[in-house]
Amino acid sequence: MYPRLVVDLKKIKHNTEIIVNKYRDKNISIMGVTKVFCAIQEVVDAMIDGGIDFIADSRIQNLKKVKTNLPKVLLRCPMLSEVEEVVKYADIVLISELVTIKRINTEASKLNKNIKLILMFDMGDLREGLWFENSLDFIDDIKTLSNVTIYGIGTNLTCYGGIMPNEENLGKLVVIKDAIEEKGVKLDIVSGGNSSSLYLDELSGINNLRIGEAIALGRETAYGNIIDSAYEDAFYLEAEVVEVANKPSYPVGQIGMDAFGNVPTFIDKGIIPRAILAIGKQDVDETGIYPEKGQILGASSDHLIMEGEFKLGDIVKFNLSYGALLRLATSEYVTKEIEND
Ligand SMILES: *Cc1c(COP(=O)(O)O)cnc(C)c1O
């Protein structure tokens with residue numbers, strides 16, 4: 001069935017090995033981030049074969065279903081309403097709220113478990129985290145809790161504010177580490193970010209990275225460059241042509257709103273060869289898919305309109321952006337095809 005999202009497990013393993021091997025000598029552990037492909041078990045296994053040290057995902061549903069002996073890390077600060085599930089299915093949580101930490105402690109004590117905390121610090125990107133300039137007094141509160149352990153600290157950059165990781169902001173994170181250790185808490189993990197930290201040659205004081213996109217799509221995300229000898233097509237999309245026709249490039253009649261309430265604009269190039277493919281906005285962000293041939297003109301919920309020479313029934317291949325992969329993996333209308341040869 002088409003459309004289908006195809007993943008090549010050999011390429012996932014290869015991309016993972018590139019990252020893991022680059023950092024092994026520097027004693028930097030790697031959390032393999034599985035959220036962009038909804039933690040498909042076979043892909044998780046390929047990452048494990050590639051040498052990752054932890055499985056990390058933002059959704060507790062994904063951590064719940066994944067089978068692994070590696071520690072499971074919840075990346076998104078837990079909702080109060082999911083704490084029970086979190087305590088059951090995560091070993092480590094990234095977290096920034098004392099109230100939630102206390103709730104986790106209570107639930108963990110009921111199950112006689114200990115949950116490891118990675119305290120998130122906001123170094124300026126303005127997504128999650130304790131503000132880096134604020135007092136660290138709350139550490140003393142956490143120390144009194146019996147069923148949680150402060151395992152480490154971390155930061156997330158290049159997500160909301162587009163702030164680049166560098167020596168300055170990661171250096172400040174290491175200063176916070178030292179200040180916490182002065183309070184008598186030994187930190188195992190200083191987690192210095194995501195695929196946008198890979199461009200840095202020096203990561204002094206950092207001993208962990210959380211990597212998703214660089215493994216799935218072979219790209220660092222500070223500049224969007226392909227990583228040397230990594231595959232950018234470990235995941236790709238295939239969609240099928242359901243109509244082929246020569247039609248005008250400029251619509252005929254009075255132009256109002258399109259299916260999504262926008263007033264579209266067009267360039268009149270005369271009659272052009274076109275194709276309709278059976279995939280749409282419900283399955284993918286069409287601005288983040290890159291066809292092997294032809295050119296995308298637009299999309300509605302279920303239809304992708306392309307310019308180019310196609311035949312009815314053609315299967316067209318596309319490379320993917322992060323956002324496109326995320327939505328394709330999530331759409332139940334997209335078949336997931338695992339390749340392993
Ligand atoms: C998604 C996520 C990551 C992984 O980001 P990539 O850019 O895919 O490497 C790391 N940390 C946190 C907290 C995340 O939410």
# chains A, B, ... in the order shown; residues from 1 in each chain; ligands from 1
>>> residues_near_ligand(ligand="ligand 1", cutoff="7 Å", atoms="only C-alpha atoms and all ligand atoms", output="PyMOL selection string")
chain A and resi 33+35+58+75-76+156+193-196+210-214+221
>>> select_by_dssp(residues="stretch 172-244 of chain A", states="strand (DSSP E)", output="list in words")
Ile189, Val190, Ser191, Asn208, Leu209, Arg210, Ile211, Phe235, Tyr236, Leu237, Glu238, Ala239, Glu240, Val241, Val242, Glu243 and Val244 of chain A
>>> write_last_selection(atoms="N, CA, C and O atoms", output="mmCIF file, in the first residue's frame")
data_model
loop_
_atom_site.group_PDB
_atom_site.id
_atom_site.type_symbol
_atom_site.label_atom_id
_atom_site.label_comp_id
_atom_site.auth_asym_id
_atom_site.auth_seq_id
_atom_site.Cartn_x
_atom_site.Cartn_y
_atom_site.Cartn_z
ATOM 1 N N ILE A 189 25.654 12.716 34.762
ATOM 2 C CA ILE A 189 25.367 13.143 33.387
ATOM 3 C C ILE A 189 25.383 14.668 33.284
ATOM 4 O O ILE A 189 24.751 15.362 34.088
ATOM 5 N N VAL A 190 26.123 15.159 32.291
ATOM 6 C CA VAL A 190 25.969 16.557 31.881
ATOM 7 C C VAL A 190 25.619 16.488 30.393
ATOM 8 O O VAL A 190 26.467 16.217 29.539
ATOM 9 N N SER A 191 24.328 16.687 30.098
ATOM 10 C CA SER A 191 23.809 16.418 28.757
ATOM 11 C C SER A 191 23.764 17.723 27.951
ATOM 12 O O SER A 191 22.996 18.624 28.259
ATOM 13 N N ASN A 208 27.359 13.779 27.656
ATOM 14 C CA ASN A 208 26.193 13.097 27.063
ATOM 15 C C ASN A 208 25.561 14.001 26.004
ATOM 16 O O ASN A 208 25.519 15.214 26.158
ATOM 17 N N LEU A 209 25.061 13.367 24.917
ATOM 18 C CA LEU A 209 24.252 14.084 23.920
ATOM 19 C C LEU A 209 23.010 13.250 23.636
ATOM 20 O O LEU A 209 23.015 12.030 23.769
ATOM 21 N N ARG A 210 21.937 13.948 23.235
ATOM 22 C CA ARG A 210 20.662 13.286 22.932
ATOM 23 C C ARG A 210 20.400 13.466 21.436
ATOM 24 O O ARG A 210 20.128 14.572 20.991
ATOM 25 N N ILE A 211 20.505 12.379 20.667
ATOM 26 C CA ILE A 211 20.578 12.523 19.216
ATOM 27 C C ILE A 211 19.443 11.791 18.499
ATOM 28 O O ILE A 211 19.306 10.573 18.606
ATOM 29 N N PHE A 235 15.538 7.154 5.839
ATOM 30 C CA PHE A 235 14.080 7.177 5.693
ATOM 31 C C PHE A 235 13.736 7.868 4.377
ATOM 32 O O PHE A 235 14.331 8.899 4.041
ATOM 33 N N TYR A 236 12.797 7.311 3.621
ATOM 34 C CA TYR A 236 12.281 8.048 2.468
ATOM 35 C C TYR A 236 10.809 7.702 2.260
ATOM 36 O O TYR A 236 10.284 6.751 2.852
ATOM 37 N N LEU A 237 10.174 8.507 1.434
ATOM 38 C CA LEU A 237 8.742 8.354 1.179
ATOM 39 C C LEU A 237 8.521 7.883 -0.247
ATOM 40 O O LEU A 237 9.253 8.295 -1.146
ATOM 41 N N GLU A 238 7.521 7.019 -0.434
ATOM 42 C CA GLU A 238 7.074 6.667 -1.782
ATOM 43 C C GLU A 238 5.578 6.956 -1.890
ATOM 44 O O GLU A 238 4.806 6.562 -1.013
ATOM 45 N N ALA A 239 5.197 7.653 -2.952
ATOM 46 C CA ALA A 239 3.775 7.948 -3.172
ATOM 47 C C ALA A 239 3.415 7.650 -4.627
ATOM 48 O O ALA A 239 4.285 7.659 -5.506
ATOM 49 N N GLU A 240 2.125 7.405 -4.862
ATOM 50 C CA GLU A 240 1.687 6.903 -6.168
ATOM 51 C C GLU A 240 0.898 7.945 -6.952
ATOM 52 O O GLU A 240 0.071 8.663 -6.399
ATOM 53 N N VAL A 241 1.174 7.981 -8.268
ATOM 54 C CA VAL A 241 0.496 8.911 -9.173
ATOM 55 C C VAL A 241 -0.896 8.362 -9.529
ATOM 56 O O VAL A 241 -1.020 7.221 -9.963
ATOM 57 N N VAL A 242 -1.939 9.203 -9.322
ATOM 58 C CA VAL A 242 -3.312 8.766 -9.625
ATOM 59 C C VAL A 242 -3.951 9.543 -10.778
ATOM 60 O O VAL A 242 -5.044 9.197 -11.228
ATOM 61 N N GLU A 243 -3.288 10.605 -11.240
ATOM 62 C CA GLU A 243 -3.790 11.318 -12.426
ATOM 63 C C GLU A 243 -2.616 11.977 -13.111
ATOM 64 O O GLU A 243 -1.729 12.520 -12.440
ATOM 65 N N VAL A 244 -2.620 11.918 -14.460
ATOM 66 C CA VAL A 244 -1.594 12.603 -15.256
ATOM 67 C C VAL A 244 -2.326 13.407 -16.320
ATOM 68 O O VAL A 244 -3.217 12.884 -16.989
#
>>> residues_around(residues="stretch 287-300 of chain A", least_positions_apart="6", cutoff="10 Å", atoms="only C-alpha atoms", output="PyMOL selection string")
chain A and resi 236-238+249+258-260+264+266+273-277+279-281+306-310+316-325
>>> closest_atom_pairs(of="stretch 131-206 of chain A", to="stretch 88-109 of chain A", cutoff="10 Å", atoms="only C-alpha atoms", output="tab-separated table")
residue	atom	partner	partner_atom	distance
A:Trp131	CA	A:Ser96	CA	9.4
A:Phe138	CA	A:Leu98	CA	7.5
A:Ile139	CA	A:Leu98	CA	9.3
A:Asp141	CA	A:Leu98	CA	8.4
A:Ile142	CA	A:Leu98	CA	7.7
A:Leu145	CA	A:Asn105	CA	6.6
A:Ser146	CA	A:Asn105	CA	7.1
A:Asn147	CA	A:Asn105	CA	5.0
A:Val148	CA	A:Asn105	CA	5.6
A:Thr149	CA	A:Asn105	CA	9.4
A:Ile150	CA	A:Ile92	CA	9.8
A:Tyr151	CA	A:Ile92	CA	8.2
A:Gly152	CA	A:Leu94	CA	9.2
A:Ile153	CA	A:Leu94	CA	8.3
A:Gly154	CA	A:Leu94	CA	7.8
A:Thr155	CA	A:Leu94	CA	9.4
>>> closest_atom_pairs(of="stretch 224-338 of chain A", to="stretch 215-220 of chain A", cutoff="6 Å", atoms="only C-alpha atoms", output="JSON lines")
{"residue": "A:Gly224", "atom": "CA", "partner": "A:Glu220", "partner_atom": "CA", "distance": 5.5}
{"residue": "A:Asn225", "atom": "CA", "partner": "A:Arg219", "partner_atom": "CA", "distance": 5.5}
{"residue": "A:Ile226", "atom": "CA", "partner": "A:Arg219", "partner_atom": "CA", "distance": 4.4}
{"residue": "A:Ile227", "atom": "CA", "partner": "A:Arg219", "partner_atom": "CA", "distance": 5.4}
{"residue": "A:Ala230", "atom": "CA", "partner": "A:Gly218", "partner_atom": "CA", "distance": 5.1}
{"residue": "A:Tyr231", "atom": "CA", "partner": "A:Gly218", "partner_atom": "CA", "distance": 5.2}
{"residue": "A:Glu232", "atom": "CA", "partner": "A:Leu217", "partner_atom": "CA", "distance": 4.6}
>>> closest_residue(among="A:Glu339, A:Asp268, A:Asp125, A:Glu84", to="A:Gly162", atoms="only C-alpha atoms")
A:Asp125
>>> residues_around(residues="stretch 70-72 of chain A", least_positions_apart="4", cutoff="12 Å", atoms="only C-alpha atoms", output="PyMOL selection string")
chain A and resi 30-34+39+44-45+47-49+51-66+86-94+115-117
>>> closest_residue(among="A:Leu157, A:Ser229, A:Ser29, A:Ala329", to="A:Lys11", atoms="only C-alpha atoms")
A:Ser229
>>> atom_distance(atom1="atom CA of A:Met123", atom2="atom CA of A:Gly171")
10.1 Å
>>> closest_residue(among="A:Lys269, A:Lys67, A:Lys10, A:Lys177", to="A:Met120", atoms="only C-alpha atoms")
A:Lys177
>>> atom_distance(atom1="atom CA of A:Asp8", atom2="atom CA of A:Glu42")
10.0 Å
